[in-house]
Amino acid sequence: MDPPNKRALVDADPRRLTWRELDEEVTRLAAVLLRHGLGAGDVLAVQLPNTVELVVVYLACWRLRMVVSPLPVQYREHEVAELGDLAGFAAFLTAARIGDRHPAEEVRTALPGLRVLLVHGASVHSAPAHGASAHGVRVGGAPARGASADGGPDGGGSLPAGAVDLDAELAAVVRAEADGDETDGAGADGGEAGRREVGEAVRAYAEAHPADPNDCVTICWTSGTESTPKGVPRTHYDWLAMSWATVDAPRLTGDDVLLNPFPMVNMAGINGMFLPWLRVGGVLVQHHPFDLPTFLRQITEERVTYTVAPPALLTLLLARAELLATADLSSLRLIGSGSVPLAPSMVRGWQDDHGIGIINFFGSNEGIALLTDPHDVPDPEQRGQVLPPLRRAGHHLELPDLRAGVGTAGRPRHRRGGRRARPSRGAADQGADGVPGLPAR
C-alpha cells in the first residue's frame, strides 16, 4: 500500500492493492512496455518514490526479462546523464512531479537521445474510468476520458517533447479489456475476457523469452562518494541468495506486515523489504519521505509487525518517551537497524522495555549482506557489536588487497588476533535517503 502522504509527492492519491489487482497492473504495464518496443535485455531506468507504481515497475520488467535500474529521487540531470551513458538506458520511467521538482523534464534534458520516456501523473485525474477497483481507486491510474497532458488544478504539468503519458496508455489497456468483453458478449463478468486477451499477449512474450536465473535483473548504483556512482548488476540468483537471510532473520511469514521507510533503489529497500515481502506474501506498507509522526501512525494503524530504522532514531525514541506514547507498538515484533555498531544500551532498551528485538544489519550495494538476530545472538550487547562470520574467536575477516595480489583463487585472507571488524557503513544507510541519522546515498 502507498504512503498516506503520496499526493504531496506525486499527483495521485494513496492506493491499496490486493494481490490480484497488483497482478493486473503488472500485466497492463508489461503490455505498454511491449507496445513501445521494449523487451528482454533492455534497461529501464526508474525514478519514483516508494509507491505502488514502483513495485509494479519491478515486476512488469522482470516478467519481460528486462533490467531495472532504480535511481534515487534526488538525482538530477548530472547524475541521470552520467548513469544513462554508463548503463545504456533504453527507457526511463518517472513522474511529472516529485515534490517540487519535474523529473520528466530533467530526464529529457539529460538524455535527449532516449528511446522511450514514460511519465506518470501528466494527466488530470478528475473522474473515474473503466476498471475502478473495489477500493474506489482507478485501476492503473487511468485518467478521465478526454483529459490532456496540460496540467490542471491537481498539479501534473505538460509532458516533455516526445514523452509518453503513461496513465493514458494504461487507461487504453483498461478500455481494451472492456472492449474485448463487449465484443465477446461478456461485459457483465467484470472484465475477465478482455483481461485474458491482454494477459495472453504478455504471457506469450514471456514464454518466448523464458527467464534465466543468471539474467541481470537490476543495476543499482553506489553512492558515488569517491567518484561517479558505479553500476552494480545483480542476477536472480544474487537476490535470491541474499534474501534468504532477510526472510529468515525476522522469521517472516504471510501474516506479517512490513513497513518500508527505505527507498527501493538499493540493498536496504530491495533486499531488506521488497524481496522478503514477495517471498512470504505478506503486506508491504510503503513510507516516503521519512516523517516520524506518519511512521508511528502507520505502525499503529496498519498493525505493523516488522520495520527498519536507523540507530539514531531508535536511540532518540528510547530517550523521548513522549514520542512513543503517541503510538501503539504492540504488534511490532522486530526492528532492523545498522550502519554502525549498535549501542548495547539501545539494543537492550528496546528488548527489555518494549519486548522488541533489534536485528543488526550490515550490507552494501556492491558487497554482501550480513546480520545478527535475537534468535542466533540473544545477548543484545553482543548482537549490536558482532556479525556472524566474525564471531569465531581469534579470527578477523579481511578483504584482499588487490595491489598486493588476491592469493589463491581470489580467496580472502584470514588473520588471527581477535580483532573485531567495525563496519562504517551498513544496510541501513544503503537507501536511507531522507532518513535522519544516515548519510544520503
# chains A, B, ... in the order shown; residues from 1 in each chain; ligands from 1
>>> residues_around(residues="Pro380 of chain A", least_positions_apart="2", cutoff="7 Å", atoms="only C-alpha atoms", output="compact mmCIF listing (two decimals) with C-alpha atoms, in the first residue's frame")
# COMPACT_ATOMS: atom_id res chain seq x y z
CA PRO A 344 24.33 -2.05 23.55
CA VAL A 347 19.54 -2.77 21.71
CA ARG A 348 18.87 -3.81 25.31
CA PRO A 378 20.12 -13.50 22.30
CA GLN A 382 26.91 -8.93 21.76
CA ARG A 383 24.33 -8.69 18.95
CA GLY A 384 24.87 -4.97 18.49
>>> residues_around(residues="Arg251 of chain A", least_positions_apart="2", cutoff="10 Å", atoms="only C-alpha atoms", output="PyMOL selection string")
chain A and resi 245-249+253+256+280+306+333-334+373+375
>>> write_last_selection(atoms="all heavy atoms", output="short mmCIF file (atom, residue, chain, number, x, y, z; two decimals), in the first residue's frame")
data_model
loop_
_atom_site.label_atom_id
_atom_site.label_comp_id
_atom_site.auth_asym_id
_atom_site.auth_seq_id
_atom_site.Cartn_x
_atom_site.Cartn_y
_atom_site.Cartn_z
N ALA A 245 18.38 -14.64 3.94
CA ALA A 245 18.72 -14.14 5.28
C ALA A 245 17.71 -13.11 5.76
O ALA A 245 17.35 -13.09 6.94
CB ALA A 245 20.12 -13.54 5.27
N THR A 246 17.23 -12.24 4.86
CA THR A 246 16.32 -11.19 5.29
C THR A 246 14.89 -11.69 5.46
O THR A 246 14.04 -10.96 5.96
CB THR A 246 16.36 -10.01 4.31
OG1 THR A 246 16.22 -10.48 2.96
CG2 THR A 246 17.66 -9.25 4.44
N VAL A 247 14.63 -12.92 5.06
CA VAL A 247 13.37 -13.58 5.41
C VAL A 247 13.54 -14.35 6.72
O VAL A 247 12.68 -14.31 7.60
CB VAL A 247 12.92 -14.54 4.29
CG1 VAL A 247 11.76 -15.42 4.76
CG2 VAL A 247 12.50 -13.75 3.06
N ASP A 248 14.68 -15.03 6.83
CA ASP A 248 14.90 -15.91 7.98
C ASP A 248 15.13 -15.14 9.28
O ASP A 248 14.59 -15.51 10.32
CB ASP A 248 16.10 -16.83 7.71
CG ASP A 248 16.41 -17.74 8.88
OD1 ASP A 248 15.61 -18.64 9.15
OD2 ASP A 248 17.46 -17.55 9.53
N ALA A 249 15.93 -14.08 9.24
CA ALA A 249 16.28 -13.37 10.48
C ALA A 249 15.05 -12.83 11.21
O ALA A 249 14.90 -13.02 12.41
CB ALA A 249 17.27 -12.25 10.19
N THR A 253 6.51 -14.45 7.79
CA THR A 253 5.51 -15.34 7.21
C THR A 253 4.50 -14.48 6.45
O THR A 253 4.57 -13.24 6.46
CB THR A 253 4.77 -16.14 8.29
OG1 THR A 253 3.89 -15.27 9.02
CG2 THR A 253 5.74 -16.81 9.26
N ASP A 256 2.77 -11.43 8.18
CA ASP A 256 3.50 -10.23 8.60
C ASP A 256 3.12 -9.00 7.79
O ASP A 256 2.76 -9.10 6.60
CB ASP A 256 5.01 -10.46 8.52
CG ASP A 256 5.54 -11.19 9.73
OD1 ASP A 256 5.42 -10.65 10.84
OD2 ASP A 256 6.09 -12.30 9.56
N VAL A 280 7.32 -14.09 1.07
CA VAL A 280 6.41 -14.65 2.06
C VAL A 280 4.95 -14.32 1.78
O VAL A 280 4.05 -14.97 2.31
CB VAL A 280 6.77 -14.19 3.49
CG1 VAL A 280 8.20 -14.58 3.83
CG2 VAL A 280 6.56 -12.69 3.67
N TYR A 306 6.96 -5.71 11.46
CA TYR A 306 8.40 -5.63 11.22
C TYR A 306 8.72 -4.38 10.42
O TYR A 306 8.01 -4.06 9.45
CB TYR A 306 8.89 -6.87 10.46
CG TYR A 306 10.35 -6.82 10.08
CD1 TYR A 306 11.35 -6.71 11.05
CD2 TYR A 306 10.75 -6.89 8.74
CE1 TYR A 306 12.69 -6.66 10.70
CE2 TYR A 306 12.09 -6.86 8.38
CZ TYR A 306 13.06 -6.74 9.37
OH TYR A 306 14.38 -6.70 9.03
N ARG A 333 7.15 -6.81 16.30
CA ARG A 333 7.99 -7.88 16.86
C ARG A 333 9.46 -7.55 16.81
O ARG A 333 10.21 -7.79 17.76
CB ARG A 333 7.78 -9.18 16.09
CG ARG A 333 6.38 -9.75 16.10
CD ARG A 333 6.35 -11.12 15.44
NE ARG A 333 6.71 -11.10 14.02
CZ ARG A 333 7.84 -11.52 13.50
NH1 ARG A 333 8.79 -12.00 14.28
NH2 ARG A 333 8.07 -11.46 12.19
N LEU A 334 9.91 -7.02 15.66
CA LEU A 334 11.33 -6.84 15.41
C LEU A 334 11.56 -5.56 14.62
O LEU A 334 10.70 -5.13 13.85
CB LEU A 334 11.89 -8.02 14.61
CG LEU A 334 11.94 -9.38 15.31
CD1 LEU A 334 12.07 -10.50 14.28
CD2 LEU A 334 13.09 -9.44 16.30
N ASP A 373 20.67 -11.70 14.61
CA ASP A 373 19.29 -11.50 15.06
C ASP A 373 19.12 -12.05 16.47
O ASP A 373 19.98 -12.77 16.98
CB ASP A 373 18.32 -12.16 14.08
CG ASP A 373 18.50 -13.67 14.01
OD1 ASP A 373 18.11 -14.34 14.98
OD2 ASP A 373 19.01 -14.17 12.99
N HIS A 375 17.43 -14.42 17.65
CA HIS A 375 17.37 -15.87 17.77
C HIS A 375 18.76 -16.48 17.82
O HIS A 375 19.02 -17.40 18.59
CB HIS A 375 16.57 -16.45 16.60
CG HIS A 375 15.20 -15.87 16.47
ND1 HIS A 375 14.14 -16.28 17.24
CD2 HIS A 375 14.72 -14.87 15.68
CE1 HIS A 375 13.06 -15.60 16.92
NE2 HIS A 375 13.38 -14.73 15.97
#
>>> closest_residue(among="A:Ala90, A:Leu159, A:Val164, A:Leu48", to="Leu118 of chain A", atoms="only C-alpha atoms")
A:Val164
>>> select_by_dssp(residues="segment 61-102 of chain A", states="strand (DSSP E or B)", output="list of chain:residue names")
A:Val67, A:Val68, A:Ser69, A:Pro70, A:Ala91, A:Phe92, A:Leu93, A:Thr94, A:Ala95, A:Ile98, A:Arg101
>>> residues_around(residues="Glu169 of chain A", least_positions_apart="4", cutoff="7 Å", atoms="only C-alpha atoms", output="mmCIF file with N, CA, C and O atoms, in the first residue's frame")
data_model
loop_
_atom_site.group_PDB
_atom_site.id
_atom_site.type_symbol
_atom_site.label_atom_id
_atom_site.label_comp_id
_atom_site.auth_asym_id
_atom_site.auth_seq_id
_atom_site.Cartn_x
_atom_site.Cartn_y
_atom_site.Cartn_z
ATOM 1 N N VAL A 32 2.111 -2.251 -22.059
ATOM 2 C CA VAL A 32 2.538 -0.927 -22.540
ATOM 3 C C VAL A 32 4.009 -0.965 -22.937
ATOM 4 O O VAL A 32 4.408 -0.414 -23.981
ATOM 5 N N ASP A 165 2.493 9.735 -22.125
ATOM 6 C CA ASP A 165 1.595 9.843 -20.976
ATOM 7 C C ASP A 165 1.250 8.420 -20.543
ATOM 8 O O ASP A 165 0.401 7.762 -21.133
ATOM 9 N N VAL A 173 -5.261 0.417 -22.164
ATOM 10 C CA VAL A 173 -5.267 -1.026 -21.937
ATOM 11 C C VAL A 173 -6.534 -1.431 -21.190
ATOM 12 O O VAL A 173 -7.165 -2.446 -21.504
#
>>> closest_residue(among="A:Val56, A:Ala204, A:Ala178, A:Leu114", to="Gly88 of chain A", atoms="only C-alpha atoms")
A:Leu114
>>> atom_distance(atom1="atom CA of Tyr237 of chain A", atom2="atom CA of Trp62 of chain A")
13.4 Å
>>> residues_around(residues="segment 324-332 of chain A", least_positions_apart="4", cutoff="6 Å", atoms="only C-alpha atoms", output="ChimeraX atom specification")
/A:296,300,303-306
>>> write_last_selection(atoms="N, CA and C atoms", output="PDB file, in the first residue's frame")
ATOM      1  N   LEU A 296       5.080   6.495  12.870  1.00  0.00           N
ATOM      2  CA  LEU A 296       4.474   5.916  14.066  1.00  0.00           C
ATOM      3  C   LEU A 296       2.985   5.648  13.858  1.00  0.00           C
ATOM      4  N   THR A 300       0.879   1.990  14.049  1.00  0.00           N
ATOM      5  CA  THR A 300      -0.340   1.816  14.841  1.00  0.00           C
ATOM      6  C   THR A 300      -1.515   1.367  13.987  1.00  0.00           C
ATOM      7  N   ARG A 303      -0.969  -2.058  11.968  1.00  0.00           N
ATOM      8  CA  ARG A 303      -0.561  -3.183  12.807  1.00  0.00           C
ATOM      9  C   ARG A 303       0.710  -3.820  12.269  1.00  0.00           C
ATOM     10  N   VAL A 304       1.711  -2.985  12.091  1.00  0.00           N
ATOM     11  CA  VAL A 304       2.995  -3.407  11.521  1.00  0.00           C
ATOM     12  C   VAL A 304       3.685  -4.378  12.471  1.00  0.00           C
ATOM     13  N   THR A 305       4.254  -5.439  11.910  1.00  0.00           N
ATOM     14  CA  THR A 305       4.978  -6.426  12.707  1.00  0.00           C
ATOM     15  C   THR A 305       6.495  -6.331  12.551  1.00  0.00           C
ATOM     16  N   TYR A 306       6.962  -5.710  11.457  1.00  0.00           N
ATOM     17  CA  TYR A 306       8.403  -5.627  11.224  1.00  0.00           C
ATOM     18  C   TYR A 306       8.719  -4.385  10.419  1.00  0.00           C
TER      19      TYR A 306
END
